[in-house]
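Colleague: Pasting a structure here, questions to come.
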Amino acid sequence: MDRYNFKITEEKWQKLWEEKKVFSTKVDKNKKKFYCLEMFPYPSGKIHMGHVRNYTIGDVLARYKTLQGYNVLHPMGWDSFGMPAENAARQNNLDPKTWTESNIKTMRSQLKKLGLSIDWDKEISTCSEDYYKHQQNFFLDLYDKGLVYRKENYVNWDPVDETVLANEQVVDGKGWRSGATVERKKLNQWFFNISKFSEDLLQGLDALENWPNKVKIMQKNWIGKSFGCEVEFKIESEKPIESIKCYTTRPDTLFGFSFLALSVDHPLAKYYEEDKEFQKFTEECSKTGTTEESIASAEKLGFKTDLVAINPLDKNMKVPVYFANFVLMDYGLGAVFGCPAHDQRDLDFAKKYNLKITPVVKPEKDKDFEINNEAYTGEGYLYNSNFLDGLKVPSESIIKTIELLEKNNLGTKKTNYRLKDWGISRQRYWGCPIPMAYDENDQPIKIPRDMLPVKLPEIEKLSNTGNPLDSEDSWKFFNLDGKKYRRETDTLDTFVDSSWYFLRFCSPHNLDRGFTQEEIDYWMPVDQYIGGVEHAILHLLYSRFFMQALSFQNEKFKLKEPFDGLFTQGMVCHETYKDKDNKWLSPEEISTNDGENYFKKIDTTEKITVGPIESMSKSKKNAVDPENIINNYGADSVRLFILSDSPPEKDVQWSDQGMVASYKFLQKLWLLNSKILEKIETDKSSFTNETLSKFTNQLIYKITQNLEKFHYNVIIANLHEMYNFLIKEIEKPMKTEILVENYKKILIAMIPFIPHFANECLTKINKNPIQWPVILKGELIEESINFVIQINGKKRALLKVKNNISEEDLLKEIQENKDTEELIKKQKIVKTIFVSNRLINIII
RNA sequence: GCCCUCGUGGUGAAAUUGGUAGACACAACGGACUUAAAAUCCGUGCCUUUUUGGAGUGCCAGUUCGAGUCUGGCCGAGGGCACCA
């Protein structure tokens with residue numbers, strides 16, 4: 001029996017797809033479009049299993065939609081600006097461009113070996129001038145609309161990468177890439193005014209029905225809308241300070257007011273800058289780390305001022321004003337009113353400085369209510385609150401108090417958002433140059449559009465510290481109209497690059513514009529976007545913002561949401577191994593005989609500790625190289641494995657046995673194929689085969705349903721069932737046409753999963769046009785059904801009866817059948833529950 | 001602390017959305033073939049003495065003729081946010 005030679009077959013089909021440009025698409029208004037996009041990769045060197053999974057999932061969908069007759073856009077590109085290139089260039093003494101381009105070459109050929117249905121003619125790379133030229137244009141567009149501004153601000157400074165990070169890029173107080181503890185630094189930075197669209201970005205989430213709820217909730221929390229009011233507190237002081245405004249979501253607790261606290265960065269701090277004690281205090285505050293634990297456990301510290309704040313609702317209520325370490329300048333107004341009874345932080349602070357604690361909210365039922373070590377934040381009624389007494393908390397109290405404050409000009413209703421503007425300046429060489437310059441007075445000017453792109457200068461050797469562009473004087477300074485200018489040397493955050501690349505795919509080669517309206521009107525939005533959940537906030541929120549920004553003051557551009565459907569796939573995981581010195585070992589370095597005890601290959605006496613199953617990573621050495629696997633087993637087998645067993649949205653564990661099993665399954669399918677071909681040659685009988693037709697139709701139905709729901713793992717199981725059924729069924733004599741017709745449908749249904757194999761088999765039986773098989777609804781109905789007979793809710797028997805049997809007929813059958821009649825013999829039937837074509841429950 | 005998701009065999013998981021729990025596969029064990037091994041094929045899998053029996057989807061309760069699925073409470077795991085006023 002011949003074995004399936006994946007090497008020859010896969011090469012043959014990949015060559016054919018490439019030469020005939022099978023996946024090349026263009027705008028065709030007569031056809032329904034489908035834009036299938038997977039998050040484009042960073043060209044880090046080689047592809048990893050995560051890529052294999054991501055692009056296989058996308059490819060299944062793209063091929064399925066193509067077979068259904070859609071005009072499918074399925075492109076690929078490179079997120080090719082970024083720090084790894086710069087770091088690698090320094091280490092290896094070459095320039096980032098060379099490094100990046102060689103990586104792209106490697107990874108492109110690796111991806112092609114996976115047999116993806118990608119339109120490679122539309123390939124783009126964000127580090128090419130053709131790409132970032134348009135990005136600079138968009139930057140100027142946004143600048144003209146007032147959506148870009150420059151300000152001096154405290155920034156998250158990564159001391160290892162020597163660059164600024166966005167808030168989104170700081171994880172647990174550490175840089176998301178370097179892992180270094182982030183410092184606070186004051187710098188002049190460019191910002192995108194993303195907070196202007198807080199409400200639109202929040203509202204827009206509701207319409208995204210095909211997004212995972214989880215991602216929408218994460219974005220919602222990140223935007224962090226809160227409702228409250230700004231309250232003005234009159235101040236008694238010798239200094240020229242008349243009042244301080246605070247933002248609060250709980251104005252109803254104003255009668256529990258016992259102090260007012262300011263951030264050390266509050267404008268009023270200027271009156272205390274000379275004060276030695278205050279200087280000491282601010283120094284103390286800056287020592288507090290930014291990590292999770294240090295924030296949670298940090299002691300509440302305050303610096304008492306000589307100011308006295310007056311409760312706007314009670315002129316006789318006068319409280320001290322503090323600077324406090326727990327008040328943030330960049331949320332609200334950098335000032336809070338303290339109500340210790342009903343806010344934990346305020347309570348901690350009040351206890352430390354012996355401030356008054358007046359409870360003003362009482363839970364309905366608790367008569368002996370008092371505040372000890374825990375602030376009460378629950379529901380109840382107001383008391384100790386003069387004219388507010390008795391209001392229901394929170395349903396009445398907050399609104400009523402705000403109304404009252406507004407009426408007396410003491411405060412204003414206010415909605416607040418946690419989302420802050422997006423700092424986009426990076427002190428890096430390998431990024432898109434910001435198309436701005438400064439005149440002799442340090443005033444920013446735009447680079448004229450006809451001078452775009454501002455190209456990155458070619459630098460032979462990158463400086464070891466700081467931003468290389470800073471020391472590139474011949475690039476940095478230029479003359480225009482007889483005046484001397486200094487270029488902006490910061491480059492754009494690479495998340496800007498990925499905020500619009502999906503638009504570029506629609507017009508990838510247009511030199512004049514980033515995209516044409518006609519092309520994005522046809523292709524956009526992306527119908528299905530597929531990628532890792534780690535981009536739930538960063539990339540996905542930025543891309544949504546970019547659409548808002550492009551459509552702002554622009555009648556033609558109406559696209560508000562770039563991604564109609566979103567699917568977040570799980571990670572590829574593997575066991576981890578450590579030797580006796582606690583060093584990570586790769587799977588290739590170890591061996592086992594029984595699957596339980598592992599040893600070092602080079603020293604078989606040394607036992608290995610098997611660690612937890614974690615997502616594949618270089619640092620833990622638990623990654624499996626896709627290239628080896630593809631060479632050993634073929635792309636179809638890898639695709640099969642990566643799709644089996646685990647649902648795409650969940651993590652999958654790499655297993656060598658699983659990989660081998662998928663390979664074997666493909667061999668079995670090849671065997672089946674050979675048998676079928678032989679049968680077509682030899683079987684001259686004229687029997688029809690209804691069972692086969694019904695089975696096939698049922699199978700196509702199941703596969704179609706599961707495709708729509710991304711239940712790809714179930715489809716692989718369906719294919720196993722298909723094999724188990726067919727290998728027996730073809731033993732029966734049957735008409736050739738019946739077999740061919742059904743087998744062809746099955747093969748077509750396999751194309752999305754194992755495209756090389758399925759196409760190869762198809763050419764051997766039929767050359768007719770290939771399209772997704774039509775499901776015959778009528779055929780789905782079985783003639784006879786295994787009817788479940790329940791007595792008092794318990795399954796007692798299965799009865800084979802004809803389809804659509806009525807309750808009366810069924811009961812008759814039960815009485816006539818010798819196995820079932822005993823169950824109800826001589827019993828009085830109280831009640832029956834009849835579910836058509838499924839079960840009957842007889843209560844006796 | 002707040003928010004979200006998930007708990008089904010030794011393992012990864014299915015379950016027509018309230019209707020036969022464990023499809024399909026991995027691993028294990030037993031058998032067939034073989035001089036032998038590999039490969040391949042067949043079978044087994046909780047409890048009870050056989051069965052056309054019983055229990056059983058993290059735990060406890062509830063709704064229902066019927067619950068893995070719905071409701072409430074608890075326990076456990078994972079993820080997100082976090083001095084956000």
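As shown in the structure tokens, the chain order sets the letters A, B, ...; within each chain, residues go from 1, and ligands are also counted from 1 in the order they appear.
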For the structure I just gave you, how does DSSP split range 312-553 of chain A - specifically, which residues are helix (DSSP H, G or I)? Reply as a count of residues only.
Modeller: 69
Colleague: Excluding Phe303 in chain A and any residue of its chain fewer than 2 positions from it, enumerate the residues within 9 Å of it, using only C-alpha atoms (C1' of nucleotides), and give them as a PyMOL selection string.
Modeller: chain A and resi 277-278+281+301+305+321-325
Colleague: Store the residues picked out above in a file with all heavy atoms, as a PDB file, in the first residue's frame.
Modeller:
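Here's the written file again-v8.pdb:
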```
ATOM      1  N   GLU A 277       9.746  70.921  55.423  1.00  0.00           N
ATOM      2  CA  GLU A 277       8.952  69.747  55.812  1.00  0.00           C
ATOM      3  C   GLU A 277       8.182  69.176  54.621  1.00  0.00           C
ATOM      4  O   GLU A 277       8.069  67.972  54.454  1.00  0.00           O
ATOM      5  CB  GLU A 277       7.955  70.132  56.918  1.00  0.00           C
ATOM      6  CG  GLU A 277       8.597  70.412  58.252  1.00  0.00           C
ATOM      7  CD  GLU A 277       9.304  69.173  58.816  1.00  0.00           C
ATOM      8  OE1 GLU A 277       8.654  68.108  58.889  1.00  0.00           O
ATOM      9  OE2 GLU A 277      10.498  69.285  59.152  1.00  0.00           O
ATOM     10  N   PHE A 278       7.669  70.095  53.818  1.00  0.00           N
ATOM     11  CA  PHE A 278       6.907  69.666  52.648  1.00  0.00           C
ATOM     12  C   PHE A 278       7.818  68.957  51.644  1.00  0.00           C
ATOM     13  O   PHE A 278       7.456  67.940  51.054  1.00  0.00           O
ATOM     14  CB  PHE A 278       6.213  70.859  51.980  1.00  0.00           C
ATOM     15  CG  PHE A 278       5.350  70.465  50.804  1.00  0.00           C
ATOM     16  CD1 PHE A 278       4.162  69.773  50.981  1.00  0.00           C
ATOM     17  CD2 PHE A 278       5.749  70.769  49.501  1.00  0.00           C
ATOM     18  CE1 PHE A 278       3.383  69.406  49.905  1.00  0.00           C
ATOM     19  CE2 PHE A 278       4.962  70.398  48.415  1.00  0.00           C
ATOM     20  CZ  PHE A 278       3.777  69.720  48.617  1.00  0.00           C
ATOM     21  N   PHE A 281       8.369  65.603  52.762  1.00  0.00           N
ATOM     22  CA  PHE A 281       7.168  64.804  52.551  1.00  0.00           C
ATOM     23  C   PHE A 281       7.051  64.315  51.094  1.00  0.00           C
ATOM     24  O   PHE A 281       6.791  63.140  50.840  1.00  0.00           O
ATOM     25  CB  PHE A 281       5.922  65.610  52.935  1.00  0.00           C
ATOM     26  CG  PHE A 281       4.630  64.906  52.621  1.00  0.00           C
ATOM     27  CD1 PHE A 281       4.215  63.811  53.372  1.00  0.00           C
ATOM     28  CD2 PHE A 281       3.831  65.326  51.568  1.00  0.00           C
ATOM     29  CE1 PHE A 281       3.037  63.158  53.082  1.00  0.00           C
ATOM     30  CE2 PHE A 281       2.649  64.672  51.265  1.00  0.00           C
ATOM     31  CZ  PHE A 281       2.256  63.594  52.029  1.00  0.00           C
ATOM     32  N   LEU A 301       0.016  58.548  54.016  1.00  0.00           N
ATOM     33  CA  LEU A 301       0.812  59.625  54.605  1.00  0.00           C
ATOM     34  C   LEU A 301       0.185  60.972  54.267  1.00  0.00           C
ATOM     35  O   LEU A 301      -0.361  61.146  53.187  1.00  0.00           O
ATOM     36  CB  LEU A 301       2.243  59.598  54.060  1.00  0.00           C
ATOM     37  CG  LEU A 301       3.096  58.373  54.400  1.00  0.00           C
ATOM     38  CD1 LEU A 301       4.420  58.446  53.673  1.00  0.00           C
ATOM     39  CD2 LEU A 301       3.300  58.270  55.901  1.00  0.00           C
ATOM     40  N   THR A 305      -1.541  71.151  56.144  1.00  0.00           N
ATOM     41  CA  THR A 305      -1.313  72.544  55.756  1.00  0.00           C
ATOM     42  C   THR A 305      -1.983  73.463  56.777  1.00  0.00           C
ATOM     43  O   THR A 305      -2.684  73.009  57.686  1.00  0.00           O
ATOM     44  CB  THR A 305      -1.933  72.833  54.378  1.00  0.00           C
ATOM     45  OG1 THR A 305      -3.347  72.725  54.512  1.00  0.00           O
ATOM     46  CG2 THR A 305      -1.435  71.863  53.339  1.00  0.00           C
ATOM     47  N   VAL A 321      -6.851  70.735  55.893  1.00  0.00           N
ATOM     48  CA  VAL A 321      -6.468  70.352  54.524  1.00  0.00           C
ATOM     49  C   VAL A 321      -5.069  69.737  54.561  1.00  0.00           C
ATOM     50  O   VAL A 321      -4.165  70.275  55.191  1.00  0.00           O
ATOM     51  CB  VAL A 321      -6.470  71.579  53.582  1.00  0.00           C
ATOM     52  CG1 VAL A 321      -5.983  71.186  52.189  1.00  0.00           C
ATOM     53  CG2 VAL A 321      -7.862  72.186  53.515  1.00  0.00           C
ATOM     54  N   TYR A 322      -4.950  68.594  53.923  1.00  0.00           N
ATOM     55  CA  TYR A 322      -3.671  67.868  53.878  1.00  0.00           C
ATOM     56  C   TYR A 322      -3.195  67.719  52.432  1.00  0.00           C
ATOM     57  O   TYR A 322      -4.003  67.763  51.500  1.00  0.00           O
ATOM     58  CB  TYR A 322      -3.845  66.452  54.437  1.00  0.00           C
ATOM     59  CG  TYR A 322      -3.967  66.359  55.925  1.00  0.00           C
ATOM     60  CD1 TYR A 322      -5.179  66.601  56.568  1.00  0.00           C
ATOM     61  CD2 TYR A 322      -2.873  65.988  56.706  1.00  0.00           C
ATOM     62  CE1 TYR A 322      -5.302  66.488  57.935  1.00  0.00           C
ATOM     63  CE2 TYR A 322      -2.984  65.875  58.081  1.00  0.00           C
ATOM     64  CZ  TYR A 322      -4.202  66.131  58.697  1.00  0.00           C
ATOM     65  OH  TYR A 322      -4.315  66.017  60.055  1.00  0.00           O
ATOM     66  N   PHE A 323      -1.899  67.514  52.284  1.00  0.00           N
ATOM     67  CA  PHE A 323      -1.409  66.855  51.072  1.00  0.00           C
ATOM     68  C   PHE A 323      -1.315  65.381  51.444  1.00  0.00           C
ATOM     69  O   PHE A 323      -0.859  65.056  52.552  1.00  0.00           O
ATOM     70  CB  PHE A 323      -0.030  67.379  50.669  1.00  0.00           C
ATOM     71  CG  PHE A 323      -0.087  68.733  50.012  1.00  0.00           C
ATOM     72  CD1 PHE A 323       0.176  69.892  50.744  1.00  0.00           C
ATOM     73  CD2 PHE A 323      -0.422  68.841  48.677  1.00  0.00           C
ATOM     74  CE1 PHE A 323       0.110  71.124  50.136  1.00  0.00           C
ATOM     75  CE2 PHE A 323      -0.488  70.085  48.062  1.00  0.00           C
ATOM     76  CZ  PHE A 323      -0.225  71.240  48.803  1.00  0.00           C
ATOM     77  N   ALA A 324      -1.738  64.505  50.537  1.00  0.00           N
ATOM     78  CA  ALA A 324      -1.719  63.084  50.896  1.00  0.00           C
ATOM     79  C   ALA A 324      -1.141  62.250  49.764  1.00  0.00           C
ATOM     80  O   ALA A 324      -1.337  62.566  48.584  1.00  0.00           O
ATOM     81  CB  ALA A 324      -3.135  62.607  51.230  1.00  0.00           C
ATOM     82  N   ASN A 325      -0.433  61.197  50.140  1.00  0.00           N
ATOM     83  CA  ASN A 325       0.259  60.383  49.126  1.00  0.00           C
ATOM     84  C   ASN A 325      -0.684  59.522  48.291  1.00  0.00           C
ATOM     85  O   ASN A 325      -0.296  59.020  47.255  1.00  0.00           O
ATOM     86  CB  ASN A 325       1.345  59.517  49.785  1.00  0.00           C
ATOM     87  CG  ASN A 325       0.755  58.491  50.735  1.00  0.00           C
ATOM     88  OD1 ASN A 325      -0.408  58.609  51.156  1.00  0.00           O
ATOM     89  ND2 ASN A 325       1.542  57.485  51.076  1.00  0.00           N
TER      90      ASN A 325
END
```
Colleague: Any idea what's packed within 8 Å of range 20-36 of chain B, counting only C-alpha atoms (C1' of nucleotides), ignoring anything in its chain fewer than 2 positions away? Could you give it as a list in words?
Modeller: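 Contacts, with the query itself left out: Asp645, Gln657, Gly658, Val714, Ile716, Ala717, Asn718, His720, Glu721, Val788 and Lys795 of chain A; U8, G9, G10, U11, G12, A14, A15, C41, C42, G43, U44, U57 and G68 of chain B.
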Colleague: Compile the contact shell of Gly77 in chain A as JSON, numbers by chain: residues with an atom at most 8 Å away, counting only C-alpha atoms (C1' of nucleotides), same-chain residues fewer than 5 positions apart removed.
Modeller: {"A": [40, 41, 122, 123, 124, 125]}
Colleague: Output N, CA and C atoms of each residue in that selection to a file, as an mmCIF file, in the first residue's frame.
Modeller:
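Okay, this is what ended up in selection-v1.cif:
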```cif
data_model
loop_
_atom_site.group_PDB
_atom_site.id
_atom_site.type_symbol
_atom_site.label_atom_id
_atom_site.label_comp_id
_atom_site.auth_asym_id
_atom_site.auth_seq_id
_atom_site.Cartn_x
_atom_site.Cartn_y
_atom_site.Cartn_z
ATOM 1 N N PHE A 40 -1.195 40.742 12.482
ATOM 2 C CA PHE A 40 0.059 40.522 11.763
ATOM 3 C C PHE A 40 1.218 40.389 12.737
ATOM 4 N N PRO A 41 2.237 39.608 12.338
ATOM 5 C CA PRO A 41 3.300 39.286 13.292
ATOM 6 C C PRO A 41 4.399 40.346 13.345
ATOM 7 N N LYS A 122 -0.524 41.369 -1.566
ATOM 8 C CA LYS A 122 -0.919 42.517 -0.748
ATOM 9 C C LYS A 122 -0.037 42.692 0.481
ATOM 10 N N GLU A 123 1.063 41.989 0.513
ATOM 11 C CA GLU A 123 1.967 42.045 1.662
ATOM 12 C C GLU A 123 2.454 43.473 1.920
ATOM 13 N N ILE A 124 2.422 43.868 3.193
ATOM 14 C CA ILE A 124 2.929 45.196 3.565
ATOM 15 C C ILE A 124 3.875 45.068 4.751
ATOM 16 N N SER A 125 4.673 46.111 4.943
ATOM 17 C CA SER A 125 5.598 46.124 6.068
ATOM 18 C C SER A 125 5.617 47.539 6.638
#
```
Colleague: Counting only C-alpha atoms (C1' of nucleotides), collect the residues of chain B whose closest atom lies at most 12 Å from chain A, and write them out as a ChimeraX atom specification.
Modeller: /B:1-6,11-16,18-20,23-28,39-40,52-54,64-67,78-85
Colleague: Identify, on the basis of only C-alpha atoms (C1' of nucleotides), every residue whose closest approach to Ser385 in chain A does not exceed 8 Å; exclude the query and any residue fewer than 3 positions from it along the same chain; express the result as a count of residues only.
Modeller: 6
Colleague: With only C-alpha atoms (C1' of nucleotides) as the counted atoms, please give the residues lying no more than 7 Å from range 600-608 of chain A, apart from itself and same-chain residues fewer than 3 positions off, as a short mmCIF file (atom, residue, chain, number, x, y, z; two decimals) with all heavy atoms, in the first residue's frame.
Modeller:
```cif
data_model
loop_
_atom_site.label_atom_id
_atom_site.label_comp_id
_atom_site.auth_asym_id
_atom_site.auth_seq_id
_atom_site.Cartn_x
_atom_site.Cartn_y
_atom_site.Cartn_z
N TYR A 577 10.72 22.10 31.93
CA TYR A 577 11.67 21.17 32.54
C TYR A 577 12.83 21.94 33.15
O TYR A 577 13.32 22.90 32.56
CB TYR A 577 12.20 20.19 31.49
CG TYR A 577 11.12 19.51 30.70
CD1 TYR A 577 10.84 19.92 29.39
CD2 TYR A 577 10.36 18.48 31.25
CE1 TYR A 577 9.84 19.31 28.65
CE2 TYR A 577 9.36 17.86 30.51
CZ TYR A 577 9.10 18.28 29.22
OH TYR A 577 8.11 17.67 28.50
N LYS A 578 13.28 21.47 34.31
CA LYS A 578 14.43 22.07 34.96
C LYS A 578 15.39 20.97 35.43
O LYS A 578 14.95 19.92 35.89
CB LYS A 578 13.99 22.89 36.17
CG LYS A 578 13.56 24.30 35.83
CD LYS A 578 13.27 25.08 37.08
CE LYS A 578 12.93 26.52 36.74
NZ LYS A 578 12.61 27.28 37.96
N ASP A 579 16.68 21.27 35.30
CA ASP A 579 17.66 20.30 35.79
C ASP A 579 17.97 20.56 37.26
O ASP A 579 17.35 21.41 37.90
CB ASP A 579 18.93 20.30 34.92
CG ASP A 579 19.70 21.60 35.05
OD1 ASP A 579 19.34 22.43 35.92
OD2 ASP A 579 20.66 21.79 34.29
N LYS A 580 18.95 19.84 37.81
CA LYS A 580 19.20 19.94 39.25
C LYS A 580 19.75 21.32 39.64
O LYS A 580 19.65 21.72 40.79
CB LYS A 580 20.16 18.83 39.71
CG LYS A 580 21.56 18.86 39.10
CD LYS A 580 22.38 17.76 39.75
CE LYS A 580 23.80 17.60 39.30
NZ LYS A 580 24.42 18.33 38.29
N GLU A 589 16.25 18.32 25.00
CA GLU A 589 17.38 17.96 25.85
C GLU A 589 17.06 16.85 26.84
O GLU A 589 17.90 16.46 27.63
CB GLU A 589 17.86 19.19 26.63
CG GLU A 589 18.50 20.26 25.76
CD GLU A 589 18.78 21.53 26.54
OE1 GLU A 589 17.81 22.26 26.85
OE2 GLU A 589 19.95 21.77 26.85
N ILE A 590 15.81 16.37 26.79
CA ILE A 590 15.42 15.38 27.79
C ILE A 590 14.87 14.12 27.14
O ILE A 590 14.49 14.13 25.98
CB ILE A 590 14.37 15.96 28.76
CG1 ILE A 590 13.15 16.42 27.95
CG2 ILE A 590 14.93 17.10 29.56
CD1 ILE A 590 11.91 16.38 28.78
N SER A 591 14.85 13.04 27.91
CA SER A 591 14.28 11.80 27.39
C SER A 591 13.50 11.09 28.49
O SER A 591 13.68 11.36 29.67
CB SER A 591 15.40 10.88 26.89
OG SER A 591 16.17 10.45 27.99
#
```
Colleague: Just want the 9 Å neighbourhood of range 462-475 of chain A, counted on only C-alpha atoms (C1' of nucleotides), with same-chain residues fewer than 6 positions away dropped. Output as an MDAnalysis selection string.
Modeller: chainID A and resid 86 89:90 93:95 161:163 426:429 456 486:490
Colleague: Taking the backbone alone, and naming residues the way the document does, which bits of range 548-638 of chain A are strand (DSSP E) by DSSP, as a list in words?
Modeller: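 Filtering range 548-638 of chain A down to strand (DSSP E) leaves Leu566, Phe567, Thr568, Gln569, Val572, Cys573, His574, Glu575, Thr576, Tyr577, Lys578, Trp584, Leu585, Ile590, Ser591, Thr592, Tyr598, Phe599, Lys600, Thr609, Val610, Gly611, Pro612, Ile613, Glu614 and Ser615 of chain A.
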Colleague: In Å, with one decimal, what is the gap from CA of Met76 in chain A to CA of Asp121 in chain A?
Modeller: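 So the answer is 9.1 Å.
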